[in-house]
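Structure below is query_21.pdb: PDB, C-alpha atoms.
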ATOM      1  CA  MET A   1       0.000   0.000   0.000
ATOM      2  CA  THR A   2       0.933   3.655  -0.266
ATOM      3  CA  ALA A   3       1.200   5.096   3.252
ATOM      4  CA  ALA A   4       1.427   8.760   4.207
ATOM      5  CA  TRP A   5       1.926   8.492   7.969
ATOM      6  CA  VAL A   6       5.452   7.087   8.130
ATOM      7  CA  GLY A   7       8.563   8.232   9.982
ATOM      8  CA  VAL A   8      11.732   7.223  11.776
ATOM      9  CA  CYS A   9      11.190   7.001  15.543
ATOM     10  CA  CYS A  10      14.424   5.594  17.001
ATOM     11  CA  SER A  11      18.084   5.457  15.953
ATOM     12  CA  GLN A  12      19.223   2.570  18.148
ATOM     13  CA  PRO A  13      17.691   0.062  17.601
ATOM     14  CA  PRO A  14      16.648   1.642  14.292
ATOM     15  CA  CYS A  15      12.852   1.830  14.271
ATOM     16  CA  ILE A  16      10.256   3.205  11.891
ATOM     17  CA  THR A  17       6.608   4.011  12.532
ATOM     18  CA  VAL A  18       3.852   3.265  10.023
ATOM     19  CA  SER A  19       0.266   4.228  10.896
ATOM     20  CA  LEU A  20      -2.581   2.550   9.054
ATOM     21  CA  ARG A  21      -6.364   2.464   9.299
ATOM     22  CA  ALA A  22      -7.704  -0.891  10.495
ATOM     23  CA  ALA A  23      -9.854  -0.977   7.341
ATOM     24  CA  THR A  24      -6.821  -1.424   5.069
ATOM     25  CA  TYR A  25      -5.767  -4.818   3.777
ATOM     26  CA  SER A  26      -2.153  -4.165   4.818
ATOM     27  CA  HIS A  27      -3.216  -3.587   8.446
ATOM     28  CA  GLY A  28      -4.420  -7.203   8.724
ATOM     29  CA  ASN A  29      -1.287  -8.501   7.013
ATOM     30  CA  ILE A  30       1.016  -6.733   9.470
ATOM     31  CA  VAL A  31      -0.952  -7.963  12.479
ATOM     32  CA  GLU A  32      -0.803 -11.519  11.111
ATOM     33  CA  ARG A  33       2.809 -11.620   9.909
ATOM     34  CA  ARG A  34       4.248  -9.282  12.553
ATOM     35  CA  ALA A  35       6.483  -7.923   9.804
ATOM     36  CA  PHE A  36       6.456  -5.397   6.974
ATOM     37  CA  THR A  37       8.748  -3.700   4.488
ATOM     38  CA  VAL A  38       8.988   0.011   3.724
ATOM     39  CA  ASN A  39       9.747   0.691   0.060
ATOM     40  CA  ILE A  40      10.880   4.157  -1.030
ATOM     41  CA  PRO A  41       9.990   4.890  -4.663
ATOM     42  CA  SER A  42      11.988   7.210  -6.888
ATOM     43  CA  ASP A  43       9.946   9.766  -8.820
ATOM     44  CA  ARG A  44       9.958   7.711 -12.001
ATOM     45  CA  TYR A  45       7.464   5.491 -10.142
ATOM     46  CA  LEU A  46       5.073   8.313  -9.223
ATOM     47  CA  LYS A  47       2.117   6.874 -11.173
ATOM     48  CA  GLU A  48       2.631   3.352  -9.852
ATOM     49  CA  THR A  49       2.908   4.632  -6.273
ATOM     50  CA  ASP A  50      -0.246   6.692  -6.582
ATOM     51  CA  TYR A  51      -2.116   3.786  -8.187
ATOM     52  CA  ILE A  52      -1.121   1.532  -5.273
ATOM     53  CA  GLY A  53      -2.791   4.089  -2.976
ATOM     54  CA  ILE A  54      -6.037   4.129  -4.972
ATOM     55  CA  VAL A  55      -6.891   0.420  -5.225
ATOM     56  CA  SER A  56      -7.092  -2.242  -2.511
ATOM     57  CA  GLY A  57      -5.060  -5.451  -2.344
ATOM     58  CA  ARG A  58      -8.297  -7.222  -1.441
ATOM     59  CA  ASP A  59      -9.520  -7.135  -5.022
ATOM     60  CA  THR A  60      -6.513  -6.075  -7.132
ATOM     61  CA  ASP A  61      -3.088  -7.687  -7.611
ATOM     62  CA  LYS A  62      -1.128  -4.452  -7.357
ATOM     63  CA  PHE A  63       2.157  -5.996  -8.475
ATOM     64  CA  SER A  64       0.579  -7.357 -11.620
ATOM     65  CA  ALA A  65      -1.330  -4.128 -12.382
ATOM     66  CA  THR A  66       1.766  -1.936 -11.977
ATOM     67  CA  LYS A  67       4.199  -4.432 -13.541
ATOM     68  CA  LEU A  68       6.338  -4.087 -10.420
ATOM     69  CA  THR A  69       8.141  -7.167  -9.146
ATOM     70  CA  PRO A  70       7.562  -8.708  -5.694
ATOM     71  CA  VAL A  71      10.627 -10.197  -4.034
ATOM     72  CA  LYS A  72      10.579 -12.329  -0.892
ATOM     73  CA  SER A  73      12.461 -10.574   1.896
ATOM     74  CA  ASP A  74      15.589 -12.186   3.276
ATOM     75  CA  LEU A  75      14.816 -11.740   6.949
ATOM     76  CA  VAL A  76      11.098 -11.001   7.428
ATOM     77  CA  ASP A  77       7.801 -12.483   6.204
ATOM     78  CA  ALA A  78       6.822  -9.707   3.773
ATOM     79  CA  PRO A  79       7.564  -8.947   0.127
ATOM     80  CA  TYR A  80       9.394  -5.902  -1.180
ATOM     81  CA  VAL A  81       9.341  -4.058  -4.508
ATOM     82  CA  LYS A  82      12.366  -4.942  -6.646
ATOM     83  CA  GLU A  83      12.283  -1.721  -8.704
ATOM     84  CA  PHE A  84      12.251   0.688  -5.737
ATOM     85  CA  PRO A  85      15.717   1.944  -4.781
ATOM     86  CA  LEU A  86      15.503   1.769  -0.987
ATOM     87  CA  ILE A  87      13.980  -1.059   1.073
ATOM     88  CA  LEU A  88      13.666  -1.508   4.831
ATOM     89  CA  GLU A  89      12.829  -4.952   6.218
ATOM     90  CA  CYS A  90      11.049  -4.525   9.553
ATOM     91  CA  LYS A  91       9.926  -6.720  12.426
ATOM     92  CA  LEU A  92       6.857  -5.495  14.328
ATOM     93  CA  ARG A  93       7.806  -4.404  17.844
ATOM     94  CA  HIS A  94       4.891  -2.258  19.090
ATOM     95  CA  THR A  95       1.252  -1.802  18.130
ATOM     96  CA  ILE A  96      -0.481   1.286  19.512
ATOM     97  CA  GLU A  97      -4.158   1.994  18.905
ATOM     98  CA  LEU A  98      -4.509   5.765  18.526
ATOM     99  CA  GLY A  99      -7.989   6.135  17.047
ATOM    100  CA  LEU A 100      -8.648   6.011  13.311
ATOM    101  CA  HIS A 101      -5.055   4.843  12.825
ATOM    102  CA  THR A 102      -3.080   2.039  14.423
ATOM    103  CA  GLN A 103       0.566   2.870  14.875
ATOM    104  CA  PHE A 104       2.920   0.005  14.033
ATOM    105  CA  ILE A 105       6.516   0.404  15.166
ATOM    106  CA  GLY A 106       8.937  -1.839  13.333
ATOM    107  CA  GLU A 107      12.579  -2.492  14.053
ATOM    108  CA  ILE A 108      14.604  -2.144  10.867
ATOM    109  CA  ILE A 109      16.320  -5.511  10.565
ATOM    110  CA  ASP A 110      17.881  -4.876   7.167
ATOM    111  CA  ALA A 111      18.206  -1.980   4.731
ATOM    112  CA  LYS A 112      18.778  -2.612   1.031
ATOM    113  CA  ALA A 113      19.764   0.036  -1.476
ATOM    114  CA  ASP A 114      20.194  -0.208  -5.219
ATOM    115  CA  GLU A 115      23.891   0.183  -6.111
ATOM    116  CA  THR A 116      23.027   3.066  -8.431
ATOM    117  CA  VAL A 117      21.714   5.295  -5.611
ATOM    118  CA  LEU A 118      24.803   5.025  -3.405
ATOM    119  CA  GLU A 119      27.342   7.791  -2.803
ATOM    120  CA  ASN A 120      30.303   6.765  -0.670
ATOM    121  CA  GLY A 121      28.404   3.634   0.324
ATOM    122  CA  LEU A 122      25.247   5.401   1.546
ATOM    123  CA  PRO A 123      21.971   6.298  -0.167
ATOM    124  CA  ASP A 124      22.141   9.776  -1.687
ATOM    125  CA  MET A 125      19.030  12.005  -1.759
ATOM    126  CA  ARG A 126      19.699  13.158  -5.329
ATOM    127  CA  LYS A 127      20.162   9.625  -6.595
ATOM    128  CA  VAL A 128      17.272   8.010  -4.683
ATOM    129  CA  ASN A 129      15.192  10.960  -5.894
ATOM    130  CA  PRO A 130      12.080  10.276  -3.781
ATOM    131  CA  PHE A 131       9.055  12.554  -3.781
ATOM    132  CA  LEU A 132       6.952  14.290  -1.160
ATOM    133  CA  TYR A 133       3.278  14.105  -0.373
ATOM    134  CA  ALA A 134       1.281  17.085   0.878
ATOM    135  CA  PRO A 135      -1.768  15.689   2.676
ATOM    136  CA  ILE A 136      -5.147  17.485   2.579
ATOM    137  CA  ALA A 137      -4.036  19.276  -0.610
ATOM    138  CA  ARG A 138      -3.113  15.817  -1.932
ATOM    139  CA  LYS A 139      -0.233  16.987  -4.102
ATOM    140  CA  TYR A 140       3.117  15.420  -4.880
ATOM    141  CA  TYR A 141       6.369  17.395  -5.042
ATOM    142  CA  SER A 142       9.922  16.524  -6.020
ATOM    143  CA  VAL A 143      12.945  17.122  -3.822
ATOM    144  CA  GLY A 144      14.394  20.518  -4.674
ATOM    145  CA  LYS A 145      17.832  22.055  -4.490
ATOM    146  CA  TYR A 146      20.556  21.457  -1.928
ATOM    147  CA  LEU A 147      20.481  24.225   0.687
ATOM    148  CA  GLY A 148      23.402  23.455   2.975
ATOM    149  CA  ASP A 149      24.926  21.070   5.484
ATOM    150  CA  ALA A 150      23.269  20.417   8.826
ATOM    151  CA  HIS A 151      25.313  21.257  11.945
ATOM    152  CA  ASP A 152      27.143  23.717   9.738
ATOM    153  CA  VAL A 153      24.937  26.435   8.176
ATOM    154  CA  GLY A 154      23.768  27.389  11.682
ATOM    155  CA  LYS A 155      27.320  28.413  12.566
ATOM    156  CA  GLN A 156      26.977  31.351  10.159
ATOM    157  CA  LEU A 157      24.218  32.852  12.285
TER
ATOM    158  CA  MET B   1      15.080  22.043  19.632
ATOM    159  CA  THR B   2      15.475  20.910  16.039
ATOM    160  CA  ALA B   3      14.108  17.371  15.752
ATOM    161  CA  ALA B   4      14.563  14.985  12.838
ATOM    162  CA  TRP B   5      12.372  12.074  13.919
ATOM    163  CA  VAL B   6       8.909  13.607  13.590
ATOM    164  CA  GLY B   7       5.770  12.470  11.762
ATOM    165  CA  VAL B   8       2.001  12.316  11.733
ATOM    166  CA  CYS B   9       0.712   9.069  13.261
ATOM    167  CA  CYS B  10      -3.081   9.429  13.409
ATOM    168  CA  SER B  11      -5.752  11.459  11.583
ATOM    169  CA  GLN B  12      -8.542  11.230  14.149
ATOM    170  CA  PRO B  13      -7.735  12.356  16.785
ATOM    171  CA  PRO B  14      -4.922  14.152  14.955
ATOM    172  CA  CYS B  15      -1.636  12.966  16.503
ATOM    173  CA  ILE B  16       2.024  13.599  15.802
ATOM    174  CA  THR B  17       5.059  11.633  16.940
ATOM    175  CA  VAL B  18       8.291  13.283  18.079
ATOM    176  CA  SER B  19      11.193  11.059  19.125
ATOM    177  CA  LEU B  20      13.948  12.516  21.297
ATOM    178  CA  ARG B  21      16.990  11.229  23.125
ATOM    179  CA  ALA B  22      16.616  11.331  26.917
ATOM    180  CA  ALA B  23      19.813  13.402  27.028
ATOM    181  CA  THR B  24      18.157  16.403  25.389
ATOM    182  CA  TYR B  25      16.840  19.333  27.392
ATOM    183  CA  SER B  26      13.512  19.225  25.529
ATOM    184  CA  HIS B  27      12.948  15.604  26.586
ATOM    185  CA  GLY B  28      12.782  16.622  30.241
ATOM    186  CA  ASN B  29      10.526  19.565  29.436
ATOM    187  CA  ILE B  30       8.005  17.370  27.623
ATOM    188  CA  VAL B  31       7.954  14.807  30.434
ATOM    189  CA  GLU B  32       7.402  17.595  32.969
ATOM    190  CA  ARG B  33       4.856  19.723  31.077
ATOM    191  CA  ARG B  34       3.150  16.862  29.233
ATOM    192  CA  ALA B  35       2.891  19.242  26.275
ATOM    193  CA  PHE B  36       4.934  20.485  23.343
ATOM    194  CA  THR B  37       4.607  22.488  20.143
ATOM    195  CA  VAL B  38       5.829  21.549  16.679
ATOM    196  CA  ASN B  39       7.032  24.564  14.694
ATOM    197  CA  ILE B  40       7.579  24.252  10.943
ATOM    198  CA  PRO B  41      10.178  26.736   9.653
ATOM    199  CA  SER B  42      10.165  28.157   6.148
ATOM    200  CA  ASP B  43      13.504  28.023   4.345
ATOM    201  CA  ARG B  44      14.323  31.647   5.144
ATOM    202  CA  TYR B  45      14.943  30.351   8.684
ATOM    203  CA  LEU B  46      17.361  27.604   7.638
ATOM    204  CA  LYS B  47      20.313  29.041   9.582
ATOM    205  CA  GLU B  48      18.252  29.631  12.724
ATOM    206  CA  THR B  49      16.788  26.132  12.566
ATOM    207  CA  ASP B  50      20.193  24.549  12.159
ATOM    208  CA  TYR B  51      21.647  26.645  14.976
ATOM    209  CA  ILE B  52      18.842  25.480  17.284
ATOM    210  CA  GLY B  53      19.962  21.907  16.551
ATOM    211  CA  ILE B  54      23.611  22.620  17.380
ATOM    212  CA  VAL B  55      23.365  24.246  20.825
ATOM    213  CA  SER B  56      21.525  23.096  23.973
ATOM    214  CA  GLY B  57      18.810  24.982  25.811
ATOM    215  CA  ARG B  58      20.635  24.052  29.027
ATOM    216  CA  ASP B  59      23.303  26.684  28.445
ATOM    217  CA  THR B  60      22.007  28.868  25.591
ATOM    218  CA  ASP B  61      18.867  30.999  25.272
ATOM    219  CA  LYS B  62      18.041  29.910  21.742
ATOM    220  CA  PHE B  63      15.313  32.521  21.242
ATOM    221  CA  SER B  64      17.667  35.323  22.178
ATOM    222  CA  ALA B  65      20.551  33.953  20.097
ATOM    223  CA  THR B  66      18.413  33.548  16.971
ATOM    224  CA  LYS B  67      16.332  36.704  17.515
ATOM    225  CA  LEU B  68      13.220  34.540  17.204
ATOM    226  CA  THR B  69      10.211  35.373  19.366
ATOM    227  CA  PRO B  70       8.717  32.985  21.946
ATOM    228  CA  VAL B  71       4.946  33.140  22.310
ATOM    229  CA  LYS B  72       2.953  31.435  25.056
ATOM    230  CA  SER B  73       0.622  28.849  23.546
ATOM    231  CA  ASP B  74      -3.109  29.324  23.904
ATOM    232  CA  LEU B  75      -3.980  25.792  24.931
ATOM    233  CA  VAL B  76      -0.832  23.979  26.124
ATOM    234  CA  ASP B  77       2.068  24.690  28.494
ATOM    235  CA  ALA B  78       4.798  25.218  25.892
ATOM    236  CA  PRO B  79       6.034  28.177  23.847
ATOM    237  CA  TYR B  80       5.969  28.458  20.062
ATOM    238  CA  VAL B  81       8.030  30.432  17.557
ATOM    239  CA  LYS B  82       6.181  33.510  16.313
ATOM    240  CA  GLU B  83       8.114  33.772  13.039
ATOM    241  CA  PHE B  84       7.515  30.190  11.875
ATOM    242  CA  PRO B  85       4.513  29.844   9.545
ATOM    243  CA  LEU B  86       2.967  26.650  10.895
ATOM    244  CA  ILE B  87       2.496  25.720  14.564
ATOM    245  CA  LEU B  88       0.948  22.668  16.199
ATOM    246  CA  GLU B  89       0.020  22.798  19.899
ATOM    247  CA  CYS B  90       0.152  19.276  21.304
ATOM    248  CA  LYS B  91      -0.825  17.494  24.499
ATOM    249  CA  LEU B  92       1.257  14.435  25.388
ATOM    250  CA  ARG B  93      -0.820  11.259  25.077
ATOM    251  CA  HIS B  94       1.707   8.399  24.928
ATOM    252  CA  THR B  95       5.351   7.919  25.876
ATOM    253  CA  ILE B  96       7.088   4.862  24.443
ATOM    254  CA  GLU B  97      10.667   3.974  25.345
ATOM    255  CA  LEU B  98      12.251   2.504  22.225
ATOM    256  CA  GLY B  99      15.970   2.571  23.030
ATOM    257  CA  LEU B 100      18.172   5.589  22.345
ATOM    258  CA  HIS B 101      15.010   7.575  21.570
ATOM    259  CA  THR B 102      11.800   8.061  23.529
ATOM    260  CA  GLN B 103       8.755   8.378  21.308
ATOM    261  CA  PHE B 104       6.325  11.085  22.433
ATOM    262  CA  ILE B 105       2.893  10.990  20.823
ATOM    263  CA  GLY B 106       1.023  14.262  21.095
ATOM    264  CA  GLU B 107      -2.567  14.996  20.212
ATOM    265  CA  ILE B 108      -2.755  18.134  18.086
ATOM    266  CA  ILE B 109      -5.055  20.416  20.068
ATOM    267  CA  ASP B 110      -4.651  23.435  17.832
ATOM    268  CA  ALA B 111      -2.988  24.290  14.533
ATOM    269  CA  LYS B 112      -1.988  27.864  13.720
ATOM    270  CA  ALA B 113      -0.931  29.081  10.307
ATOM    271  CA  ASP B 114       0.315  32.473   9.221
ATOM    272  CA  GLU B 115      -2.297  34.131   6.969
ATOM    273  CA  THR B 116       0.321  34.550   4.242
ATOM    274  CA  VAL B 117       0.810  30.784   3.779
ATOM    275  CA  LEU B 118      -2.865  29.942   3.271
ATOM    276  CA  GLU B 119      -4.471  28.938  -0.021
ATOM    277  CA  ASN B 120      -8.234  28.445   0.128
ATOM    278  CA  GLY B 121      -7.981  28.477   3.922
ATOM    279  CA  LEU B 122      -5.360  25.718   4.201
ATOM    280  CA  PRO B 123      -1.550  25.812   4.415
ATOM    281  CA  ASP B 124       0.001  25.584   0.947
ATOM    282  CA  MET B 125       3.307  23.735   0.445
ATOM    283  CA  ARG B 126       4.683  26.426  -1.878
ATOM    284  CA  LYS B 127       3.827  29.214   0.549
ATOM    285  CA  VAL B 128       4.942  27.477   3.755
ATOM    286  CA  ASN B 129       8.107  26.569   1.837
ATOM    287  CA  PRO B 130       9.583  24.198   4.430
ATOM    288  CA  PHE B 131      12.802  22.267   3.857
ATOM    289  CA  LEU B 132      13.917  18.658   4.100
ATOM    290  CA  TYR B 133      16.613  17.005   6.139
ATOM    291  CA  ALA B 134      18.606  14.029   4.881
ATOM    292  CA  PRO B 135      19.975  12.248   7.960
ATOM    293  CA  ILE B 136      23.388  10.507   7.933
ATOM    294  CA  ALA B 137      24.412  12.723   4.970
ATOM    295  CA  ARG B 138      23.217  15.677   7.101
ATOM    296  CA  LYS B 139      22.105  17.820   4.196
ATOM    297  CA  TYR B 140      19.158  20.166   3.790
ATOM    298  CA  TYR B 141      17.073  20.380   0.604
ATOM    299  CA  SER B 142      14.250  22.637  -0.525
ATOM    300  CA  VAL B 143      10.878  21.384  -1.739
ATOM    301  CA  GLY B 144      11.029  21.013  -5.507
ATOM    302  CA  LYS B 145       8.500  21.179  -8.300
ATOM    303  CA  TYR B 146       4.872  20.078  -8.256
ATOM    304  CA  LEU B 147       4.577  16.607  -9.798
ATOM    305  CA  GLY B 148       0.853  15.879  -9.787
ATOM    306  CA  ASP B 149      -2.247  15.260  -7.720
ATOM    307  CA  ALA B 150      -2.552  12.245  -5.467
ATOM    308  CA  HIS B 151      -5.413   9.840  -6.174
ATOM    309  CA  ASP B 152      -5.244  11.141  -9.724
ATOM    310  CA  VAL B 153      -1.886  10.590 -11.484
ATOM    311  CA  GLY B 154      -2.207   6.862 -10.737
ATOM    312  CA  LYS B 155      -5.282   6.675 -12.944
ATOM    313  CA  GLN B 156      -3.045   7.324 -15.968
ATOM    314  CA  LEU B 157      -1.227   4.042 -15.378
TER
END
Starting from the file, give its structure as structure tokens.
Amino acid sequence: MTAAWVGVCCSQPPCITVSLRAATYSHGNIVERRAFTVNIPSDRYLKETDYIGIVSGRDTDKFSATKLTPVKSDLVDAPYVKEFPLILECKLRHTIELGLHTQFIGEIIDAKADETVLENGLPDMRKVNPFLYAPIARKYYSVGKYLGDAHDVGKQL
Amino acid sequence: MTAAWVGVCCSQPPCITVSLRAATYSHGNIVERRAFTVNIPSDRYLKETDYIGIVSGRDTDKFSATKLTPVKSDLVDAPYVKEFPLILECKLRHTIELGLHTQFIGEIIDAKADETVLENGLPDMRKVNPFLYAPIARKYYSVGKYLGDAHDVGKQL
């Protein structure tokens, strides 16, 4: 599924939070498998990513419809998208019912990056080239220009 | 403080997650006040925002050093930054110890937006003009070009 409410929530152990409505097909899968993957698309997959957020896995084979390729994860019981440049394999650690959304906190067990998006061995923003989602307005934006280094530009104040 | 691990985690009630290391000054403040604000800077405040992430509130008056203006929140016991275009006043609802970071989940009690960033009564990405942070690489990026509407571009697949 395409999820908007996602974010890092711990550095050590590395954890990521994904909040889903109980009505979604993915919600049931995560509860059952106690695992999930987070797949970061590059902007060339904007249409596929949006499509995956429109239809439900209950009645549509999203991999087949988008011509994306499911791959079995190495370490967790969940598939990932072969064509997406950055993949996080996660084991479910906490489930917190907040209201309309359930917050799932997963420990990142493995991170995979396509060789082509690496710079000095780490994923590079320019090369991953992900895109942003503005909720409510429901608009997508690209990543813009480099503005400066963190823990550095502030020294010029 | 400047926080990297932040994200929406529920739509109803509206909740936001902020994960901080126990060593930070803000961590103690949130535990004590059971409240916090989230302040979204526009890119004209890049240097100030970075500076706020370099120094500690234990030994530096960050408002004074950055010439930003603290304002007492209307509904929660925490200040906000007058100059930043988008403010969320939050009451602490959940505290989850994850490891190096503590995850604070706050219910958004009020949202304030500068009149100049509104479009049809809602904050507009182009007008708020926030910026992105790439962790590990520690680089800031602007928001780039509009790519399309969500729940729409996928129909062209």
With the cut-off set at 6 Å and counting only C-alpha atoms, tabulate each residue of chain A with an atom at most that distance from an atom of chain B, showing the nearest atom pair and its distance in Å to one decimal, ordered by chain and increasing number, as JSON lines.
{"residue": "A:Trp5", "atom": "CA", "partner": "B:Val8", "partner_atom": "CA", "distance": 5.4}
{"residue": "A:Gly7", "atom": "CA", "partner": "B:Gly7", "partner_atom": "CA", "distance": 5.4}
{"residue": "A:Val8", "atom": "CA", "partner": "B:Trp5", "partner_atom": "CA", "distance": 5.3}
{"residue": "A:Cys9", "atom": "CA", "partner": "B:Ser19", "partner_atom": "CA", "distance": 5.4}
{"residue": "A:Cys10", "atom": "CA", "partner": "B:His101", "partner_atom": "CA", "distance": 5.0}
{"residue": "A:Gln12", "atom": "CA", "partner": "B:Leu100", "partner_atom": "CA", "distance": 5.3}
{"residue": "A:Ser19", "atom": "CA", "partner": "B:Cys9", "partner_atom": "CA", "distance": 5.4}
{"residue": "A:Lys47", "atom": "CA", "partner": "B:Gly154", "partner_atom": "CA", "distance": 4.3}
{"residue": "A:Asp50", "atom": "CA", "partner": "B:Gly154", "partner_atom": "CA", "distance": 4.6}
{"residue": "A:Tyr51", "atom": "CA", "partner": "B:Gly154", "partner_atom": "CA", "distance": 4.0}
{"residue": "A:Ile54", "atom": "CA", "partner": "B:His151", "partner_atom": "CA", "distance": 5.9}
{"residue": "A:Gly99", "atom": "CA", "partner": "B:Gln12", "partner_atom": "CA", "distance": 5.9}
{"residue": "A:Leu100", "atom": "CA", "partner": "B:Gln12", "partner_atom": "CA", "distance": 5.3}
{"residue": "A:His101", "atom": "CA", "partner": "B:Cys10", "partner_atom": "CA", "distance": 5.0}
{"residue": "A:Arg138", "atom": "CA", "partner": "B:Ala150", "partner_atom": "CA", "distance": 5.1}
{"residue": "A:Lys139", "atom": "CA", "partner": "B:Asp149", "partner_atom": "CA", "distance": 4.5}
{"residue": "A:Tyr140", "atom": "CA", "partner": "B:Leu147", "partner_atom": "CA", "distance": 5.3}
{"residue": "A:Tyr141", "atom": "CA", "partner": "B:Tyr146", "partner_atom": "CA", "distance": 4.4}
{"residue": "A:Ser142", "atom": "CA", "partner": "B:Gly144", "partner_atom": "CA", "distance": 4.7}
{"residue": "A:Val143", "atom": "CA", "partner": "B:Gly144", "partner_atom": "CA", "distance": 4.7}
{"residue": "A:Gly144", "atom": "CA", "partner": "B:Gly144", "partner_atom": "CA", "distance": 3.5}
{"residue": "A:Lys145", "atom": "CA", "partner": "B:Ser142", "partner_atom": "CA", "distance": 5.4}
{"residue": "A:Tyr146", "atom": "CA", "partner": "B:Tyr141", "partner_atom": "CA", "distance": 4.4}
{"residue": "A:Leu147", "atom": "CA", "partner": "B:Tyr141", "partner_atom": "CA", "distance": 5.1}
{"residue": "A:Gly148", "atom": "CA", "partner": "B:Tyr140", "partner_atom": "CA", "distance": 5.4}
{"residue": "A:Asp149", "atom": "CA", "partner": "B:Lys139", "partner_atom": "CA", "distance": 4.5}
{"residue": "A:Ala150", "atom": "CA", "partner": "B:Arg138", "partner_atom": "CA", "distance": 5.0}
{"residue": "A:His151", "atom": "CA", "partner": "B:Ile54", "partner_atom": "CA", "distance": 5.9}
{"residue": "A:Val153", "atom": "CA", "partner": "B:Lys47", "partner_atom": "CA", "distance": 5.5}
{"residue": "A:Gly154", "atom": "CA", "partner": "B:Tyr51", "partner_atom": "CA", "distance": 4.0}
What separation in Å, quoted to one decimal, exists between atom CA of Val31 of chain B and atom CA of Val76 of chain B?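 Result for atom CA of Val31 of chain B versus atom CA of Val76 of chain B: 13.4 Å, one decimal.
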When the PyMOL selection byres ((chain B and resi 109) around 7) is applied to the file above, which residues end up in the set, as a PyMOL selection string? chain B and resi 89-91+107-108+110
Would you work out the distance separating atom CA of Gly121 of chain A from atom CA of Pro85 of chain A, expressed in Å to one decimal? 13.8 Å
In Å, rounded to a single decimal, give me how far atom CA of Arg44 of chain A is from atom CA of Asp77 of chain A.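 A separation of 27.3 Å between them.
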Can you turn the PyMOL selection byres ((chain B and resi 87) around 8) into a concrete residue list for this file, as a list of chain:residue names? B:Thr37, B:Val38, B:Asn39, B:Ile40, B:Tyr80, B:Val81, B:Phe84, B:Pro85, B:Leu86, B:Leu88, B:Glu89, B:Ala111, B:Lys112, B:Ala113
Measuring atom to atom with only C-alpha atoms, identify which of B:His27, B:Thr95, B:Asn129, B:Val117 is nearest to Arg58 of chain B. B:His27
Residue with smallest distance to Ala78 of chain B - pool B:Gly57, B:Asp114, B:Ser42, B:Asn29, counting only C-alpha atoms: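 Ranking B:Gly57, B:Asp114, B:Ser42, B:Asn29 by distance to Ala78 of chain B, first place goes to B:Asn29.
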